[in-house]
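Source file: run-v1.cif. Holds: mmCIF, N, CA and C atoms.
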data_upload
loop_
_atom_site.label_atom_id
_atom_site.label_comp_id
_atom_site.auth_asym_id
_atom_site.auth_seq_id
_atom_site.Cartn_x
_atom_site.Cartn_y
_atom_site.Cartn_z
N MET D 8 10.66 19.62 22.01
CA MET D 8 12.09 19.84 21.85
C MET D 8 12.76 18.58 21.31
N ARG D 9 12.34 17.43 21.83
CA ARG D 9 12.95 16.17 21.41
C ARG D 9 12.71 15.93 19.92
N TYR D 10 11.51 16.27 19.46
CA TYR D 10 11.19 16.03 18.06
C TYR D 10 11.94 16.99 17.15
N LYS D 11 12.13 18.22 17.61
CA LYS D 11 12.90 19.17 16.83
C LYS D 11 14.35 18.70 16.70
N LEU D 12 14.89 18.21 17.80
CA LEU D 12 16.26 17.73 17.79
C LEU D 12 16.40 16.52 16.86
N THR D 13 15.44 15.61 16.92
CA THR D 13 15.47 14.43 16.04
C THR D 13 15.37 14.86 14.59
N PHE D 14 14.49 15.80 14.30
CA PHE D 14 14.34 16.30 12.93
C PHE D 14 15.63 16.92 12.42
N VAL D 15 16.22 17.78 13.23
CA VAL D 15 17.46 18.45 12.82
C VAL D 15 18.58 17.43 12.62
N ALA D 16 18.65 16.43 13.51
CA ALA D 16 19.69 15.39 13.35
C ALA D 16 19.47 14.61 12.07
N GLY D 17 18.22 14.27 11.78
CA GLY D 17 17.92 13.54 10.53
C GLY D 17 18.22 14.37 9.30
N LEU D 18 17.86 15.65 9.37
CA LEU D 18 18.14 16.55 8.25
C LEU D 18 19.64 16.68 8.01
N THR D 19 20.40 16.83 9.08
CA THR D 19 21.85 16.94 8.97
C THR D 19 22.46 15.67 8.41
N LEU D 20 22.03 14.53 8.93
CA LEU D 20 22.54 13.25 8.45
C LEU D 20 22.22 13.07 6.97
N GLY D 21 21.00 13.40 6.57
CA GLY D 21 20.62 13.29 5.16
C GLY D 21 21.44 14.19 4.28
N TYR D 22 21.69 15.39 4.73
CA TYR D 22 22.49 16.32 3.95
C TYR D 22 23.91 15.82 3.78
N VAL D 23 24.51 15.37 4.89
CA VAL D 23 25.90 14.89 4.83
C VAL D 23 26.01 13.67 3.92
N LEU D 24 25.10 12.71 4.12
CA LEU D 24 25.15 11.51 3.28
C LEU D 24 24.89 11.85 1.82
N GLY D 25 23.97 12.77 1.58
CA GLY D 25 23.64 13.14 0.21
C GLY D 25 24.78 13.84 -0.50
N THR D 26 25.49 14.70 0.20
CA THR D 26 26.56 15.43 -0.46
C THR D 26 27.80 14.56 -0.65
N ARG D 27 28.02 13.62 0.24
CA ARG D 27 29.19 12.77 0.11
C ARG D 27 28.97 11.62 -0.86
N ALA D 28 27.79 11.06 -0.87
CA ALA D 28 27.54 9.85 -1.65
C ALA D 28 27.24 10.16 -3.10
N GLY D 29 26.58 11.23 -3.38
CA GLY D 29 26.28 11.60 -4.74
C GLY D 29 25.06 10.88 -5.31
N ARG D 30 24.87 11.05 -6.59
CA ARG D 30 23.68 10.54 -7.29
C ARG D 30 23.62 9.02 -7.31
N GLU D 31 24.76 8.37 -7.49
CA GLU D 31 24.79 6.90 -7.57
C GLU D 31 24.25 6.27 -6.29
N ARG D 32 24.70 6.77 -5.16
CA ARG D 32 24.24 6.23 -3.88
C ARG D 32 22.75 6.55 -3.67
N TYR D 33 22.33 7.72 -4.12
CA TYR D 33 20.91 8.08 -4.03
C TYR D 33 20.05 7.08 -4.80
N GLU D 34 20.45 6.78 -6.01
CA GLU D 34 19.70 5.82 -6.82
C GLU D 34 19.68 4.44 -6.17
N GLN D 35 20.79 4.04 -5.56
CA GLN D 35 20.86 2.75 -4.88
C GLN D 35 19.90 2.72 -3.68
N LEU D 36 19.88 3.79 -2.89
CA LEU D 36 18.96 3.88 -1.76
C LEU D 36 17.50 3.89 -2.22
N LYS D 37 17.25 4.59 -3.31
CA LYS D 37 15.90 4.66 -3.85
C LYS D 37 15.41 3.28 -4.31
N LYS D 38 16.30 2.52 -4.95
CA LYS D 38 15.97 1.16 -5.40
C LYS D 38 15.70 0.25 -4.20
N SER D 39 16.51 0.37 -3.16
CA SER D 39 16.31 -0.44 -1.96
C SER D 39 15.00 -0.10 -1.27
N ALA D 40 14.68 1.18 -1.19
CA ALA D 40 13.42 1.59 -0.57
C ALA D 40 12.23 1.08 -1.35
N ARG D 41 12.33 1.09 -2.67
CA ARG D 41 11.25 0.58 -3.51
C ARG D 41 11.07 -0.92 -3.30
N GLN D 42 12.16 -1.67 -3.20
CA GLN D 42 12.08 -3.11 -2.97
C GLN D 42 11.43 -3.42 -1.63
N VAL D 43 11.80 -2.66 -0.60
CA VAL D 43 11.21 -2.87 0.73
C VAL D 43 9.72 -2.56 0.69
N SER D 44 9.35 -1.46 0.04
CA SER D 44 7.94 -1.07 0.01
C SER D 44 7.09 -2.04 -0.80
N GLN D 45 7.68 -2.76 -1.73
CA GLN D 45 6.92 -3.71 -2.54
C GLN D 45 6.93 -5.12 -1.94
N ASN D 46 7.62 -5.31 -0.85
CA ASN D 46 7.65 -6.60 -0.17
C ASN D 46 6.25 -6.92 0.37
N PRO D 47 5.72 -8.12 0.07
CA PRO D 47 4.37 -8.46 0.54
C PRO D 47 4.21 -8.38 2.06
N ALA D 48 5.21 -8.77 2.81
CA ALA D 48 5.12 -8.71 4.27
C ALA D 48 4.98 -7.26 4.75
N VAL D 49 5.74 -6.37 4.14
CA VAL D 49 5.68 -4.96 4.51
C VAL D 49 4.33 -4.38 4.12
N ARG D 50 3.84 -4.73 2.94
CA ARG D 50 2.55 -4.23 2.49
C ARG D 50 1.42 -4.73 3.39
N ASN D 51 1.48 -6.01 3.79
CA ASN D 51 0.45 -6.56 4.67
C ASN D 51 0.47 -5.88 6.02
N THR D 52 1.66 -5.65 6.55
CA THR D 52 1.79 -4.97 7.83
C THR D 52 1.26 -3.54 7.75
N ALA D 53 1.57 -2.85 6.67
CA ALA D 53 1.09 -1.48 6.50
C ALA D 53 -0.44 -1.46 6.39
N GLU D 54 -1.00 -2.41 5.67
CA GLU D 54 -2.46 -2.46 5.54
C GLU D 54 -3.12 -2.78 6.88
N THR D 55 -2.52 -3.69 7.64
CA THR D 55 -3.05 -4.03 8.96
C THR D 55 -3.02 -2.80 9.87
N ALA D 56 -1.92 -2.07 9.85
CA ALA D 56 -1.81 -0.85 10.66
C ALA D 56 -2.84 0.19 10.23
N ALA D 57 -3.04 0.32 8.92
CA ALA D 57 -4.03 1.28 8.43
C ALA D 57 -5.43 0.88 8.87
N GLN D 58 -5.74 -0.41 8.79
CA GLN D 58 -7.07 -0.88 9.20
C GLN D 58 -7.29 -0.64 10.69
N GLN D 59 -6.28 -0.93 11.49
CA GLN D 59 -6.40 -0.69 12.94
C GLN D 59 -6.56 0.80 13.22
N GLY D 60 -5.87 1.63 12.47
CA GLY D 60 -6.01 3.07 12.63
C GLY D 60 -7.42 3.54 12.29
N ARG D 61 -8.00 2.99 11.22
CA ARG D 61 -9.37 3.34 10.86
C ARG D 61 -10.35 2.90 11.95
N GLN D 62 -10.13 1.71 12.51
CA GLN D 62 -11.01 1.24 13.58
C GLN D 62 -10.90 2.14 14.81
N PHE D 63 -9.69 2.50 15.17
CA PHE D 63 -9.48 3.38 16.31
C PHE D 63 -10.11 4.75 16.07
N ALA D 64 -9.95 5.26 14.86
CA ALA D 64 -10.54 6.56 14.52
C ALA D 64 -12.06 6.48 14.59
N GLY D 65 -12.64 5.38 14.16
CA GLY D 65 -14.09 5.22 14.23
C GLY D 65 -14.57 5.22 15.67
N LYS D 66 -13.85 4.50 16.53
CA LYS D 66 -14.22 4.48 17.95
C LYS D 66 -14.08 5.87 18.57
N ALA D 67 -13.02 6.57 18.23
CA ALA D 67 -12.81 7.92 18.75
C ALA D 67 -13.90 8.86 18.26
N TYR D 68 -14.29 8.71 17.00
CA TYR D 68 -15.35 9.54 16.44
C TYR D 68 -16.64 9.37 17.23
N HIS D 69 -17.00 8.12 17.49
CA HIS D 69 -18.24 7.87 18.22
C HIS D 69 -18.15 8.35 19.67
N ALA D 70 -16.99 8.18 20.29
CA ALA D 70 -16.83 8.65 21.67
C ALA D 70 -16.94 10.17 21.74
N VAL D 71 -16.33 10.85 20.81
CA VAL D 71 -16.38 12.32 20.79
C VAL D 71 -17.79 12.79 20.48
N SER D 72 -18.44 12.18 19.49
CA SER D 72 -19.78 12.63 19.14
C SER D 72 -20.77 12.35 20.26
N ASP D 73 -20.56 11.28 21.05
CA ASP D 73 -21.43 11.03 22.20
C ASP D 73 -21.24 12.12 23.26
N LYS D 74 -20.02 12.56 23.47
CA LYS D 74 -19.75 13.56 24.50
C LYS D 74 -20.16 14.96 24.05
N VAL D 75 -19.91 15.25 22.77
CA VAL D 75 -20.23 16.59 22.26
C VAL D 75 -21.73 16.71 22.02
N GLY D 76 -22.31 15.68 21.40
CA GLY D 76 -23.74 15.66 21.16
C GLY D 76 -24.24 16.87 20.40
N ASP D 77 -25.25 17.51 20.93
CA ASP D 77 -25.88 18.66 20.26
C ASP D 77 -25.28 19.99 20.70
N ARG D 78 -24.15 19.97 21.32
CA ARG D 78 -23.53 21.21 21.82
C ARG D 78 -22.82 22.00 20.74
N MET D 79 -22.63 21.40 19.57
CA MET D 79 -21.93 22.09 18.48
C MET D 79 -22.87 23.08 17.81
N PRO D 80 -22.37 24.22 17.38
CA PRO D 80 -23.20 25.17 16.64
C PRO D 80 -23.68 24.53 15.33
N GLU D 81 -24.82 24.94 14.87
CA GLU D 81 -25.42 24.37 13.66
C GLU D 81 -24.52 24.56 12.44
N SER D 82 -23.81 25.69 12.37
CA SER D 82 -22.93 25.95 11.23
C SER D 82 -21.81 24.91 11.15
N VAL D 83 -21.26 24.53 12.29
CA VAL D 83 -20.20 23.52 12.32
C VAL D 83 -20.79 22.16 11.93
N THR D 84 -21.95 21.84 12.46
CA THR D 84 -22.59 20.57 12.15
C THR D 84 -22.86 20.45 10.66
N GLN D 85 -23.36 21.52 10.03
CA GLN D 85 -23.64 21.49 8.60
C GLN D 85 -22.36 21.33 7.79
N ARG D 86 -21.30 21.99 8.22
CA ARG D 86 -20.02 21.90 7.50
C ARG D 86 -19.48 20.47 7.55
N VAL D 87 -19.56 19.84 8.72
CA VAL D 87 -19.07 18.47 8.86
C VAL D 87 -19.90 17.53 7.99
N ARG D 88 -21.22 17.72 8.00
CA ARG D 88 -22.08 16.88 7.16
C ARG D 88 -21.75 17.05 5.68
N SER D 89 -21.53 18.29 5.24
CA SER D 89 -21.23 18.52 3.83
C SER D 89 -19.90 17.90 3.44
N LEU D 90 -18.93 17.95 4.34
CA LEU D 90 -17.65 17.31 4.05
C LEU D 90 -17.79 15.80 4.00
N ARG D 91 -18.61 15.24 4.89
CA ARG D 91 -18.82 13.81 4.93
C ARG D 91 -19.57 13.33 3.69
N ASP D 92 -20.54 14.13 3.22
CA ASP D 92 -21.36 13.75 2.07
C ASP D 92 -20.60 13.86 0.76
N ARG D 93 -19.58 14.69 0.74
CA ARG D 93 -18.81 14.87 -0.49
C ARG D 93 -17.97 13.61 -0.73
N ASN D 94 -18.19 12.97 -1.83
CA ASN D 94 -17.50 11.72 -2.13
C ASN D 94 -16.64 11.93 -3.37
N THR D 95 -15.32 11.98 -3.19
CA THR D 95 -14.41 12.25 -4.30
C THR D 95 -14.01 10.96 -4.98
N GLY D 96 -14.16 10.91 -6.29
CA GLY D 96 -13.70 9.76 -7.07
C GLY D 96 -14.53 8.50 -6.90
N GLY D 97 -15.67 8.56 -6.28
CA GLY D 97 -16.52 7.39 -6.13
C GLY D 97 -16.04 6.39 -5.10
N ALA D 98 -15.03 6.75 -4.32
CA ALA D 98 -14.51 5.83 -3.30
C ALA D 98 -15.40 5.87 -2.08
N PRO D 99 -15.66 4.73 -1.44
CA PRO D 99 -16.47 4.76 -0.22
C PRO D 99 -15.74 5.50 0.89
N GLU D 100 -16.50 6.18 1.73
CA GLU D 100 -15.90 6.97 2.79
C GLU D 100 -16.32 6.44 4.15
N ASP D 101 -15.49 6.70 5.14
CA ASP D 101 -15.84 6.33 6.50
C ASP D 101 -16.50 7.52 7.19
N ASP D 102 -16.71 7.43 8.49
CA ASP D 102 -17.40 8.49 9.22
C ASP D 102 -16.62 9.80 9.27
N TRP D 103 -15.34 9.76 8.95
CA TRP D 103 -14.52 10.97 9.00
C TRP D 103 -14.53 11.70 7.67
N GLY D 104 -15.14 11.11 6.64
CA GLY D 104 -15.13 11.72 5.33
C GLY D 104 -13.88 11.41 4.56
N THR D 105 -13.17 10.35 4.96
CA THR D 105 -11.96 9.97 4.26
C THR D 105 -12.15 8.63 3.59
N SER D 106 -11.29 8.33 2.65
CA SER D 106 -11.39 7.08 1.91
C SER D 106 -10.93 5.91 2.75
N ASN D 107 -11.51 4.75 2.53
CA ASN D 107 -11.12 3.55 3.25
C ASN D 107 -10.05 2.76 2.52
N THR D 108 -9.33 3.38 1.64
CA THR D 108 -8.28 2.68 0.89
C THR D 108 -6.95 2.90 1.49
#

Could you take the file, read its structure, and then write that structure out as structure tokens?
Amino acid sequence: MRYKLTFVAGLTLGYVLGTRAGRERYEQLKKSARQVSQNPAVRNTAETAAQQGRQFAGKAYHAVSDKVGDRMPESVTQRVRSLRDRNTGGAPEDDWGTSNT
């Protein structure tokens, strides 16, 4: 419920600001957001958070696979292996079958 309320409040605020401010204010906000996202400190923090998330996901993967073990049906096991083996764009993948970028 809390998340729905937050979402609705954000949606309402965005709508009100968007209709009152117009295109000029939108472009100004867009430029500011781009500057923040290109800031080296912000980029380093985002990369650090992503790396920590990958490490946590790796630990969770191993914990779950230790507990589940051989209890999964063979069809599910084969599907997970095929997804993991599929490498899109030549990017290295982690144990979840996702890119490490």

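From CA of Ser44 (chain D) back to CA of Arg9 (chain D), the distance works out to 27.9 Å.
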
Revision key, fill the gap. Expressed in Å, the length from CA of Gly17 (chain D) to CA of Ala56 (chain D) is 24.4 Å

Practice item. For CA of Tyr68 (chain D) and CA of Arg50 (chain D), determine how far apart the two atoms are, in Å to one decimal place. Key: 26.5 Å
